[in-house]
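What follows is protein_24.csv (CSV, N, CA, C and O atoms).
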chain,number,residue,atom,x,y,z
J,1250,MET,N,8.8,-28.4,-8.0
J,1250,MET,CA,9.6,-28.3,-9.2
J,1250,MET,C,9.1,-29.3,-10.3
J,1250,MET,O,8.5,-30.3,-9.9
J,1251,SER,N,9.3,-28.9,-11.5
J,1251,SER,CA,8.8,-29.8,-12.5
J,1251,SER,C,9.7,-31.0,-12.6
J,1251,SER,O,10.9,-31.0,-12.3
J,1252,ALA,N,9.2,-32.1,-13.2
J,1252,ALA,CA,10.0,-33.4,-13.2
J,1252,ALA,C,11.2,-33.3,-14.1
J,1252,ALA,O,12.2,-33.9,-13.9
J,1253,GLY,N,11.1,-32.5,-15.2
J,1253,GLY,CA,12.2,-32.4,-16.1
J,1253,GLY,C,13.2,-31.3,-15.8
J,1253,GLY,O,14.2,-31.2,-16.6
J,1254,ALA,N,13.1,-30.6,-14.7
J,1254,ALA,CA,14.0,-29.5,-14.4
J,1254,ALA,C,15.3,-30.0,-13.9
J,1254,ALA,O,15.4,-31.0,-13.1
J,1255,ALA,N,16.4,-29.4,-14.4
J,1255,ALA,CA,17.7,-29.8,-13.9
J,1255,ALA,C,18.0,-29.2,-12.6
J,1255,ALA,O,17.3,-28.3,-12.1
J,1256,TRP,N,19.0,-29.6,-11.9
J,1256,TRP,CA,19.3,-29.1,-10.6
J,1256,TRP,C,19.7,-27.6,-10.7
J,1256,TRP,O,20.5,-27.2,-11.5
J,1257,GLY,N,19.1,-26.8,-9.8
J,1257,GLY,CA,19.3,-25.4,-9.9
J,1257,GLY,C,18.4,-24.6,-10.7
J,1257,GLY,O,18.4,-23.4,-10.7
J,1258,GLU,N,17.6,-25.2,-11.5
J,1258,GLU,CA,16.6,-24.6,-12.4
J,1258,GLU,C,15.2,-24.6,-11.8
J,1258,GLU,O,14.3,-24.2,-12.4
J,1259,GLY,N,15.1,-25.1,-10.6
J,1259,GLY,CA,13.8,-25.2,-10.0
J,1259,GLY,C,13.1,-23.9,-9.6
J,1259,GLY,O,11.9,-23.8,-9.7
J,1260,SER,N,13.9,-22.9,-9.3
J,1260,SER,CA,13.2,-21.7,-8.9
J,1260,SER,C,12.5,-21.0,-10.0
J,1260,SER,O,11.5,-20.2,-9.8
J,1261,ALA,N,12.9,-21.2,-11.2
J,1261,ALA,CA,12.2,-20.6,-12.4
J,1261,ALA,C,10.8,-21.2,-12.6
J,1261,ALA,O,9.9,-20.6,-13.0
J,1262,GLY,N,10.6,-22.5,-12.2
J,1262,GLY,CA,9.4,-23.1,-12.4
J,1262,GLY,C,8.4,-23.0,-11.2
J,1262,GLY,O,7.2,-23.3,-11.3
J,1263,ILE,N,8.9,-22.5,-10.1
J,1263,ILE,CA,8.1,-22.3,-8.9
J,1263,ILE,C,6.9,-21.4,-9.1
J,1263,ILE,O,5.8,-21.6,-8.7
J,1264,VAL,N,7.2,-20.3,-9.8
J,1264,VAL,CA,6.1,-19.3,-10.0
J,1264,VAL,C,5.0,-19.9,-10.8
J,1264,VAL,O,3.8,-19.7,-10.4
J,1265,ASP,N,5.3,-20.7,-11.8
J,1265,ASP,CA,4.3,-21.3,-12.6
J,1265,ASP,C,3.5,-22.3,-11.8
J,1265,ASP,O,2.3,-22.4,-11.8
J,1266,GLU,N,4.2,-23.2,-11.0
J,1266,GLU,CA,3.6,-24.2,-10.2
J,1266,GLU,C,2.7,-23.6,-9.1
J,1266,GLU,O,1.6,-24.0,-8.9
J,1267,VAL,N,3.2,-22.6,-8.4
J,1267,VAL,CA,2.5,-22.0,-7.3
J,1267,VAL,C,1.3,-21.3,-7.9
J,1267,VAL,O,0.2,-21.3,-7.3
J,1268,GLY,N,1.5,-20.6,-9.0
J,1268,GLY,CA,0.4,-19.9,-9.6
J,1268,GLY,C,-0.7,-20.8,-10.0
J,1268,GLY,O,-1.9,-20.6,-9.9
J,1269,ALA,N,-0.3,-22.0,-10.6
J,1269,ALA,CA,-1.3,-23.0,-11.0
J,1269,ALA,C,-2.0,-23.6,-9.8
J,1269,ALA,O,-3.2,-23.9,-9.9
J,1270,ARG,N,-1.3,-23.9,-8.8
J,1270,ARG,CA,-1.8,-24.6,-7.6
J,1270,ARG,C,-2.8,-23.7,-6.8
J,1270,ARG,O,-3.9,-24.0,-6.5
J,1271,ARG,N,-2.3,-22.5,-6.5
J,1271,ARG,CA,-3.1,-21.6,-5.6
J,1271,ARG,C,-3.8,-20.5,-6.3
J,1271,ARG,O,-4.4,-19.7,-5.6
J,1272,GLY,N,-3.6,-20.3,-7.6
J,1272,GLY,CA,-4.2,-19.2,-8.3
J,1272,GLY,C,-3.4,-17.9,-8.2
J,1272,GLY,O,-2.6,-17.8,-7.3
J,1273,SER,N,-3.7,-17.0,-9.0
J,1273,SER,CA,-3.0,-15.8,-9.0
J,1273,SER,C,-3.7,-14.7,-8.2
J,1273,SER,O,-3.2,-13.6,-8.1
J,1274,ARG,N,-4.8,-15.0,-7.5
J,1274,ARG,CA,-5.5,-14.1,-6.7
J,1274,ARG,C,-4.6,-13.6,-5.5
J,1274,ARG,O,-4.5,-12.4,-5.3
J,1275,ARG,N,-3.9,-14.5,-4.9
J,1275,ARG,CA,-3.0,-14.2,-3.8
J,1275,ARG,C,-1.9,-13.3,-4.3
J,1275,ARG,O,-1.6,-12.3,-3.6
J,1276,THR,N,-1.3,-13.6,-5.4
J,1276,THR,CA,-0.3,-12.8,-6.0
J,1276,THR,C,-0.7,-11.4,-6.3
J,1276,THR,O,-0.1,-10.4,-6.1
J,1277,ASP,N,-1.9,-11.3,-6.9
J,1277,ASP,CA,-2.5,-10.0,-7.2
J,1277,ASP,C,-2.8,-9.2,-5.9
J,1277,ASP,O,-2.5,-8.0,-5.9
J,1278,LEU,N,-3.2,-9.8,-4.9
J,1278,LEU,CA,-3.5,-9.1,-3.6
J,1278,LEU,C,-2.2,-8.6,-3.0
J,1278,LEU,O,-2.1,-7.5,-2.4
J,1279,ILE,N,-1.1,-9.5,-3.0
J,1279,ILE,CA,0.2,-9.1,-2.5
J,1279,ILE,C,0.7,-7.9,-3.3
J,1279,ILE,O,1.2,-6.9,-2.7
J,1280,ARG,N,0.6,-7.9,-4.6
J,1280,ARG,CA,1.0,-6.8,-5.5
J,1280,ARG,C,0.2,-5.5,-5.1
J,1280,ARG,O,0.8,-4.5,-5.0
J,1281,HIS,N,-1.1,-5.7,-4.9
J,1281,HIS,CA,-1.9,-4.5,-4.6
J,1281,HIS,C,-1.5,-3.9,-3.2
J,1281,HIS,O,-1.4,-2.7,-3.1
J,1282,ALA,N,-1.2,-4.8,-2.2
J,1282,ALA,CA,-0.8,-4.3,-0.9
J,1282,ALA,C,0.5,-3.6,-1.0
J,1282,ALA,O,0.7,-2.5,-0.3
J,1283,ARG,N,1.4,-4.0,-1.8
J,1283,ARG,CA,2.8,-3.4,-1.8
J,1283,ARG,C,2.7,-2.1,-2.6
J,1283,ARG,O,3.3,-1.1,-2.2
J,1284,LEU,N,2.1,-2.1,-3.8
J,1284,LEU,CA,2.1,-0.9,-4.7
J,1284,LEU,C,1.1,0.1,-4.2
J,1284,LEU,O,1.5,1.3,-4.2
J,1285,ASP,N,-0.1,-0.2,-3.9
J,1285,ASP,CA,-1.1,0.8,-3.6
J,1285,ASP,C,-1.1,1.2,-2.1
J,1285,ASP,O,-1.3,2.4,-1.8
J,1286,PHE,N,-0.8,0.3,-1.2
J,1286,PHE,CA,-0.8,0.7,0.2
J,1286,PHE,C,0.6,0.9,0.8
J,1286,PHE,O,0.8,1.3,1.9
J,1287,SER,N,1.6,0.4,0.1
J,1287,SER,CA,3.0,0.4,0.5
J,1287,SER,C,3.2,-0.4,1.8
J,1287,SER,O,3.9,0.0,2.7
J,1288,TYR,N,2.5,-1.5,1.9
J,1288,TYR,CA,2.6,-2.4,3.0
J,1288,TYR,C,3.9,-3.3,2.9
J,1288,TYR,O,4.2,-3.8,1.9
J,1289,GLY,N,4.5,-3.6,4.1
J,1289,GLY,CA,5.5,-4.5,4.1
J,1289,GLY,C,4.9,-5.9,4.3
J,1289,GLY,O,3.7,-6.1,4.3
J,1290,SER,N,5.8,-6.9,4.6
J,1290,SER,CA,5.3,-8.3,4.7
J,1290,SER,C,4.4,-8.5,5.9
J,1290,SER,O,3.4,-9.2,5.8
J,1291,THR,N,4.7,-7.9,7.0
J,1291,THR,CA,3.9,-8.1,8.3
J,1291,THR,C,2.5,-7.5,8.1
J,1291,THR,O,1.5,-8.1,8.4
J,1292,ARG,N,2.5,-6.3,7.6
J,1292,ARG,CA,1.2,-5.6,7.5
J,1292,ARG,C,0.4,-6.3,6.4
J,1292,ARG,O,-0.8,-6.4,6.4
J,1293,THR,N,1.1,-6.7,5.3
J,1293,THR,CA,0.4,-7.4,4.2
J,1293,THR,C,-0.2,-8.7,4.8
J,1293,THR,O,-1.4,-9.0,4.4
J,1294,GLN,N,0.5,-9.4,5.6
J,1294,GLN,CA,0.0,-10.7,6.2
J,1294,GLN,C,-1.3,-10.4,7.0
J,1294,GLN,O,-2.3,-11.1,6.9
J,1295,LEU,N,-1.3,-9.3,7.8
J,1295,LEU,CA,-2.4,-9.0,8.6
J,1295,LEU,C,-3.6,-8.6,7.8
J,1295,LEU,O,-4.7,-8.9,8.0
J,1296,TRP,N,-3.3,-7.8,6.7
J,1296,TRP,CA,-4.4,-7.3,5.8
J,1296,TRP,C,-5.0,-8.5,5.1
J,1296,TRP,O,-6.2,-8.5,5.0
J,1297,LEU,N,-4.2,-9.4,4.6
J,1297,LEU,CA,-4.8,-10.6,3.9
J,1297,LEU,C,-5.7,-11.4,4.8
J,1297,LEU,O,-6.7,-11.9,4.4
J,1298,TRP,N,-5.3,-11.5,6.1
J,1298,TRP,CA,-6.1,-12.3,7.0
J,1298,TRP,C,-7.4,-11.5,7.4
J,1298,TRP,O,-8.5,-12.1,7.4
J,1299,ARG,N,-7.3,-10.3,7.7
J,1299,ARG,CA,-8.4,-9.5,8.2
J,1299,ARG,C,-9.4,-9.2,7.1
J,1299,ARG,O,-10.6,-9.3,7.4
J,1300,VAL,N,-9.0,-8.9,6.0
J,1300,VAL,CA,-9.9,-8.5,4.9
J,1300,VAL,C,-10.3,-9.6,4.0
J,1300,VAL,O,-11.5,-9.8,3.7
J,1301,HIS,N,-9.4,-10.5,3.7
J,1301,HIS,CA,-9.7,-11.6,2.7
J,1301,HIS,C,-9.7,-13.0,3.3
J,1301,HIS,O,-9.9,-13.9,2.5
J,1302,ARG,N,-9.4,-13.1,4.6
J,1302,ARG,CA,-9.3,-14.4,5.2
J,1302,ARG,C,-8.4,-15.4,4.5
J,1302,ARG,O,-8.7,-16.6,4.4
J,1303,LEU,N,-7.2,-14.9,4.1
J,1303,LEU,CA,-6.2,-15.7,3.5
J,1303,LEU,C,-5.0,-15.8,4.5
J,1303,LEU,O,-4.5,-14.8,5.0
J,1304,ARG,N,-4.6,-17.0,4.8
J,1304,ARG,CA,-3.4,-17.2,5.6
J,1304,ARG,C,-2.2,-17.4,4.7
J,1304,ARG,O,-2.1,-18.4,4.0
J,1305,VAL,N,-1.3,-16.4,4.8
J,1305,VAL,CA,0.0,-16.5,4.0
J,1305,VAL,C,1.1,-16.1,4.9
J,1305,VAL,O,1.0,-15.2,5.7
J,1306,SER,N,2.2,-16.9,4.9
J,1306,SER,CA,3.3,-16.6,5.8
J,1306,SER,C,4.1,-15.4,5.2
J,1306,SER,O,4.0,-15.1,4.1
J,1307,GLN,N,4.8,-14.8,6.1
J,1307,GLN,CA,5.6,-13.6,5.7
J,1307,GLN,C,6.7,-14.0,4.8
J,1307,GLN,O,7.0,-13.2,3.9
J,1308,THR,N,7.2,-15.2,5.0
J,1308,THR,CA,8.3,-15.7,4.0
J,1308,THR,C,7.7,-15.8,2.6
J,1308,THR,O,8.4,-15.4,1.7
J,1309,THR,N,6.5,-16.3,2.5
J,1309,THR,CA,5.9,-16.5,1.2
J,1309,THR,C,5.7,-15.1,0.6
J,1309,THR,O,5.9,-14.9,-0.6
J,1310,ILE,N,5.2,-14.2,1.4
J,1310,ILE,CA,5.0,-12.8,0.9
J,1310,ILE,C,6.3,-12.2,0.4
J,1310,ILE,O,6.3,-11.6,-0.7
J,1311,GLN,N,7.3,-12.3,1.1
J,1311,GLN,CA,8.6,-11.8,0.7
J,1311,GLN,C,9.1,-12.5,-0.6
J,1311,GLN,O,9.7,-11.8,-1.4
J,1312,ARG,N,8.9,-13.8,-0.7
J,1312,ARG,CA,9.3,-14.5,-1.9
J,1312,ARG,C,8.5,-14.0,-3.1
J,1312,ARG,O,9.1,-13.8,-4.2
J,1313,VAL,N,7.2,-13.9,-2.9
J,1313,VAL,CA,6.4,-13.4,-4.1
J,1313,VAL,C,6.8,-12.0,-4.5
J,1313,VAL,O,6.9,-11.7,-5.7
J,1314,VAL,N,7.0,-11.1,-3.5
J,1314,VAL,CA,7.4,-9.8,-3.8
J,1314,VAL,C,8.8,-9.8,-4.6
J,1314,VAL,O,8.9,-9.0,-5.6
J,1315,GLN,N,9.7,-10.6,-4.2
J,1315,GLN,CA,11.0,-10.7,-4.8
J,1315,GLN,C,10.8,-11.2,-6.2
J,1315,GLN,O,11.5,-10.7,-7.2
J,1316,GLU,N,10.0,-12.3,-6.4
J,1316,GLU,CA,9.8,-12.9,-7.7
J,1316,GLU,C,9.1,-11.9,-8.7
J,1316,GLU,O,9.4,-11.9,-9.9
J,1317,LEU,N,8.2,-11.1,-8.2
J,1317,LEU,CA,7.5,-10.1,-9.0
J,1317,LEU,C,8.4,-8.9,-9.3
J,1317,LEU,O,8.0,-8.1,-10.2
J,1318,GLY,N,9.5,-8.7,-8.6
J,1318,GLY,CA,10.4,-7.6,-8.8
J,1318,GLY,C,9.8,-6.3,-8.3
J,1318,GLY,O,10.1,-5.2,-8.8
J,1319,LEU,N,9.0,-6.3,-7.2
J,1319,LEU,CA,8.3,-5.1,-6.7
J,1319,LEU,C,9.3,-4.3,-5.9
J,1319,LEU,O,10.3,-4.9,-5.3
J,1320,PRO,N,9.2,-3.0,-5.8
J,1320,PRO,CA,10.1,-2.2,-5.0
J,1320,PRO,C,10.0,-2.4,-3.5
J,1320,PRO,O,9.0,-2.9,-3.0
J,1321,ARG,N,11.1,-2.1,-2.9
J,1321,ARG,CA,11.1,-2.2,-1.4
J,1321,ARG,C,10.3,-1.1,-0.8
J,1321,ARG,O,10.1,0.0,-1.4
J,1322,VAL,N,9.8,-1.3,0.4
J,1322,VAL,CA,9.1,-0.3,1.2
J,1322,VAL,C,10.0,0.7,1.8
J,1322,VAL,O,11.0,0.3,2.4
J,1323,LYS,N,9.7,1.9,1.6
J,1323,LYS,CA,10.6,3.0,2.2
J,1323,LYS,C,10.3,3.0,3.7
J,1323,LYS,O,9.2,2.9,4.2
J,1324,PRO,N,11.4,3.0,4.5
J,1324,PRO,CA,11.2,3.0,6.0
J,1324,PRO,C,10.6,4.3,6.4
J,1324,PRO,O,10.9,5.4,5.9
J,1325,VAL,N,9.8,4.2,7.4
J,1325,VAL,CA,9.1,5.4,8.0
J,1325,VAL,C,9.9,5.9,9.1
J,1325,VAL,O,10.4,5.2,10.0
J,1326,ARG,N,10.1,7.3,9.1
J,1326,ARG,CA,10.9,7.9,10.1
J,1326,ARG,C,10.1,7.9,11.4
J,1326,ARG,O,8.9,8.2,11.4
J,1327,LYS,N,10.8,7.5,12.5
J,1327,LYS,CA,10.1,7.4,13.8
J,1327,LYS,C,10.2,8.8,14.4
J,1327,LYS,O,11.2,9.4,14.4
J,1328,ARG,N,9.1,9.2,15.0
J,1328,ARG,CA,9.1,10.5,15.7
J,1328,ARG,C,9.8,10.4,17.1
J,1328,ARG,O,9.7,9.4,17.7
J,1329,ARG,N,10.4,11.5,17.5
J,1329,ARG,CA,10.9,11.5,18.8
J,1329,ARG,C,9.8,11.6,19.8
J,1329,ARG,O,8.8,12.3,19.6
J,1330,PRO,N,9.9,10.9,20.9
J,1330,PRO,CA,8.8,10.9,21.9
J,1330,PRO,C,8.8,12.3,22.6
J,1330,PRO,O,9.9,12.9,22.7
J,1331,ARG,N,7.6,12.7,23.0
J,1331,ARG,CA,7.5,14.0,23.7
J,1331,ARG,C,8.2,13.9,25.1
J,1331,ARG,O,8.1,12.8,25.7
J,1332,GLN,N,8.8,15.0,25.5
J,1332,GLN,CA,9.5,15.0,26.8
J,1332,GLN,C,8.4,15.0,27.9
J,1332,GLN,O,7.5,15.8,27.8
J,1333,LEU,N,8.5,14.1,28.8
J,1333,LEU,CA,7.6,14.1,29.9
J,1333,LEU,C,7.9,15.2,30.9
J,1333,LEU,O,9.0,15.7,31.1
J,1334,LYS,N,6.8,15.8,31.4
J,1334,LYS,CA,6.9,16.9,32.4
J,1334,LYS,C,7.1,16.2,33.8
J,1334,LYS,O,6.1,15.6,34.3
J,1335,LEU,N,8.2,16.4,34.4
J,1335,LEU,CA,8.5,15.8,35.7
J,1335,LEU,C,7.8,16.6,36.8
J,1335,LEU,O,7.2,16.0,37.7
J,1336,PHE,N,7.8,17.9,36.7
J,1336,PHE,CA,7.2,18.8,37.7
J,1336,PHE,C,6.3,19.8,37.0
J,1336,PHE,O,6.8,20.5,36.0
J,1337,GLU,N,5.1,20.0,37.5
J,1337,GLU,CA,4.3,21.1,36.9
J,1337,GLU,C,4.0,22.1,38.1
J,1337,GLU,O,3.8,21.7,39.2
J,1338,ARG,N,3.9,23.3,37.7
J,1338,ARG,CA,3.5,24.3,38.7
J,1338,ARG,C,2.0,24.3,38.9
J,1338,ARG,O,1.2,24.1,38.0
J,1339,GLU,N,1.6,24.6,40.1
J,1339,GLU,CA,0.1,24.7,40.4
J,1339,GLU,C,-0.5,25.9,39.6
J,1339,GLU,O,-1.6,25.7,39.1
J,1340,ARG,N,0.2,27.0,39.6
J,1340,ARG,CA,-0.3,28.2,38.9
J,1340,ARG,C,0.8,28.6,37.9
J,1340,ARG,O,1.9,28.8,38.3
J,1341,PRO,N,0.4,28.7,36.6
J,1341,PRO,CA,1.4,29.0,35.6
J,1341,PRO,C,2.0,30.4,35.9
J,1341,PRO,O,1.3,31.3,36.4
J,1342,GLY,N,3.3,30.5,35.7
J,1342,GLY,CA,4.0,31.8,35.9
J,1342,GLY,C,4.6,31.9,37.3
J,1342,GLY,O,5.3,32.9,37.6
J,1343,THR,N,4.4,31.0,38.2
J,1343,THR,CA,5.0,31.1,39.5
J,1343,THR,C,6.5,30.6,39.4
J,1343,THR,O,6.8,29.7,38.7
J,1344,ALA,N,7.3,31.3,40.2
J,1344,ALA,CA,8.8,31.0,40.0
J,1344,ALA,C,9.2,29.9,40.9
J,1344,ALA,O,10.1,29.2,40.6
J,1345,SER,N,8.7,29.8,42.1
J,1345,SER,CA,9.2,28.7,43.0
J,1345,SER,C,8.0,28.2,43.9
J,1345,SER,O,6.9,28.8,44.0
J,1346,ILE,N,8.3,27.1,44.6
J,1346,ILE,CA,7.3,26.5,45.4
J,1346,ILE,C,7.0,27.4,46.6
J,1346,ILE,O,5.9,27.4,47.2
J,1347,ARG,N,8.0,28.2,47.1
J,1347,ARG,CA,7.8,29.0,48.2
J,1347,ARG,C,6.8,30.1,48.0
J,1347,ARG,O,6.0,30.4,48.8
J,1348,GLN,N,6.8,30.7,46.7
J,1348,GLN,CA,5.9,31.7,46.4
J,1348,GLN,C,4.4,31.1,46.3
J,1348,GLN,O,3.5,31.7,46.6
J,1349,VAL,N,4.4,29.8,45.9
J,1349,VAL,CA,3.1,29.2,45.8
J,1349,VAL,C,2.5,29.0,47.2
J,1349,VAL,O,1.3,29.2,47.5
J,1350,LEU,N,3.4,28.6,48.2
J,1350,LEU,CA,2.9,28.3,49.5
J,1350,LEU,C,2.6,29.7,50.3
J,1350,LEU,O,1.6,29.7,51.0
J,1351,ASP,N,3.3,30.7,50.0
J,1351,ASP,CA,3.1,32.0,50.7
J,1351,ASP,C,1.9,32.7,50.1
J,1351,ASP,O,1.3,33.5,50.7
J,1352,GLY,N,1.6,32.5,48.8
J,1352,GLY,CA,0.6,33.3,48.1
J,1352,GLY,C,-0.7,32.8,48.3
J,1352,GLY,O,-1.7,33.0,48.8

Could I get this structure in the form of structure tokens?
Amino acid sequence: MSAGAAWGEGSAGIVDEVGARRGSRRTDLIRHARLDFSYGSTRTQLWLWRVHRLRVSQTTIQRVVQELGLPRVKPVRKRRPRQLKLFERERPGTASIRQVLDG
């Protein structure tokens, strides 16, 4: 926080101080991940580390997204798992195990 900020006004100056300290590259990358890739905070964190070798906490990513006023990520619908086949017939079209043994 800046030295002259009154109590409760510190959050307005954080963006300027963080931007000046760490540069706006990180902020631009977070914006890019959210808008172009629709990544959430976890995937953004992994992408920043794997591609750009930047270590950023998920809390920081969420804070930056909130400060920039970026939209929320739409939840992805989960697919129903396929039903497992408990028993399979040796020959398709057979009605019972007795027919398989006799045939």

Under the rule that only N, CA, C and O atoms are counted, which of J:Asp1285, J:Lys1323, J:Arg1331, J:Ser1290 is the nearest residue to Thr1309 of chain J?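 For Thr1309 of chain J, the nearest of the candidates is J:Ser1290.
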
Mind checking which residues fall within 5 Å of Val1305 of chain J, counting only N, CA, C and O atoms, ignoring those fewer than 2 positions away in the same chain, and posting them as a PDB file with N, CA, C and O atoms, in the frame of the given file?
ATOM      1  N   GLN J1294       0.500  -9.400   5.600  1.00  0.00           N
ATOM      2  CA  GLN J1294       0.000 -10.700   6.200  1.00  0.00           C
ATOM      3  C   GLN J1294      -1.300 -10.400   7.000  1.00  0.00           C
ATOM      4  O   GLN J1294      -2.300 -11.100   6.900  1.00  0.00           O
ATOM      5  N   LEU J1303      -7.200 -14.900   4.100  1.00  0.00           N
ATOM      6  CA  LEU J1303      -6.200 -15.700   3.500  1.00  0.00           C
ATOM      7  C   LEU J1303      -5.000 -15.800   4.500  1.00  0.00           C
ATOM      8  O   LEU J1303      -4.500 -14.800   5.000  1.00  0.00           O
ATOM      9  N   GLN J1307       4.800 -14.800   6.100  1.00  0.00           N
ATOM     10  CA  GLN J1307       5.600 -13.600   5.700  1.00  0.00           C
ATOM     11  C   GLN J1307       6.700 -14.000   4.800  1.00  0.00           C
ATOM     12  O   GLN J1307       7.000 -13.200   3.900  1.00  0.00           O
TER      13      GLN J1307
END

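The spacing separating atom N of Thr1291 of chain J from atom C of Arg1328 of chain J amounts to 21.5 Å.
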
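Interatomic distance, atom CA of Pro1330 of chain J against atom CA of Thr1293 of chain J: 26.8 Å.
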
What is the atom N of His1281 of chain J-atom C of Lys1327 of chain J distance in Å, reported with one decimal?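 A separation of 26.7 Å between them.
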
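Between Ala1282 of chain J and the candidates J:Arg1326, J:Leu1297, J:Gln1332, J:Arg1302, the tightest atom-to-atom separation, counting only C-alpha atoms, involves J:Leu1297.
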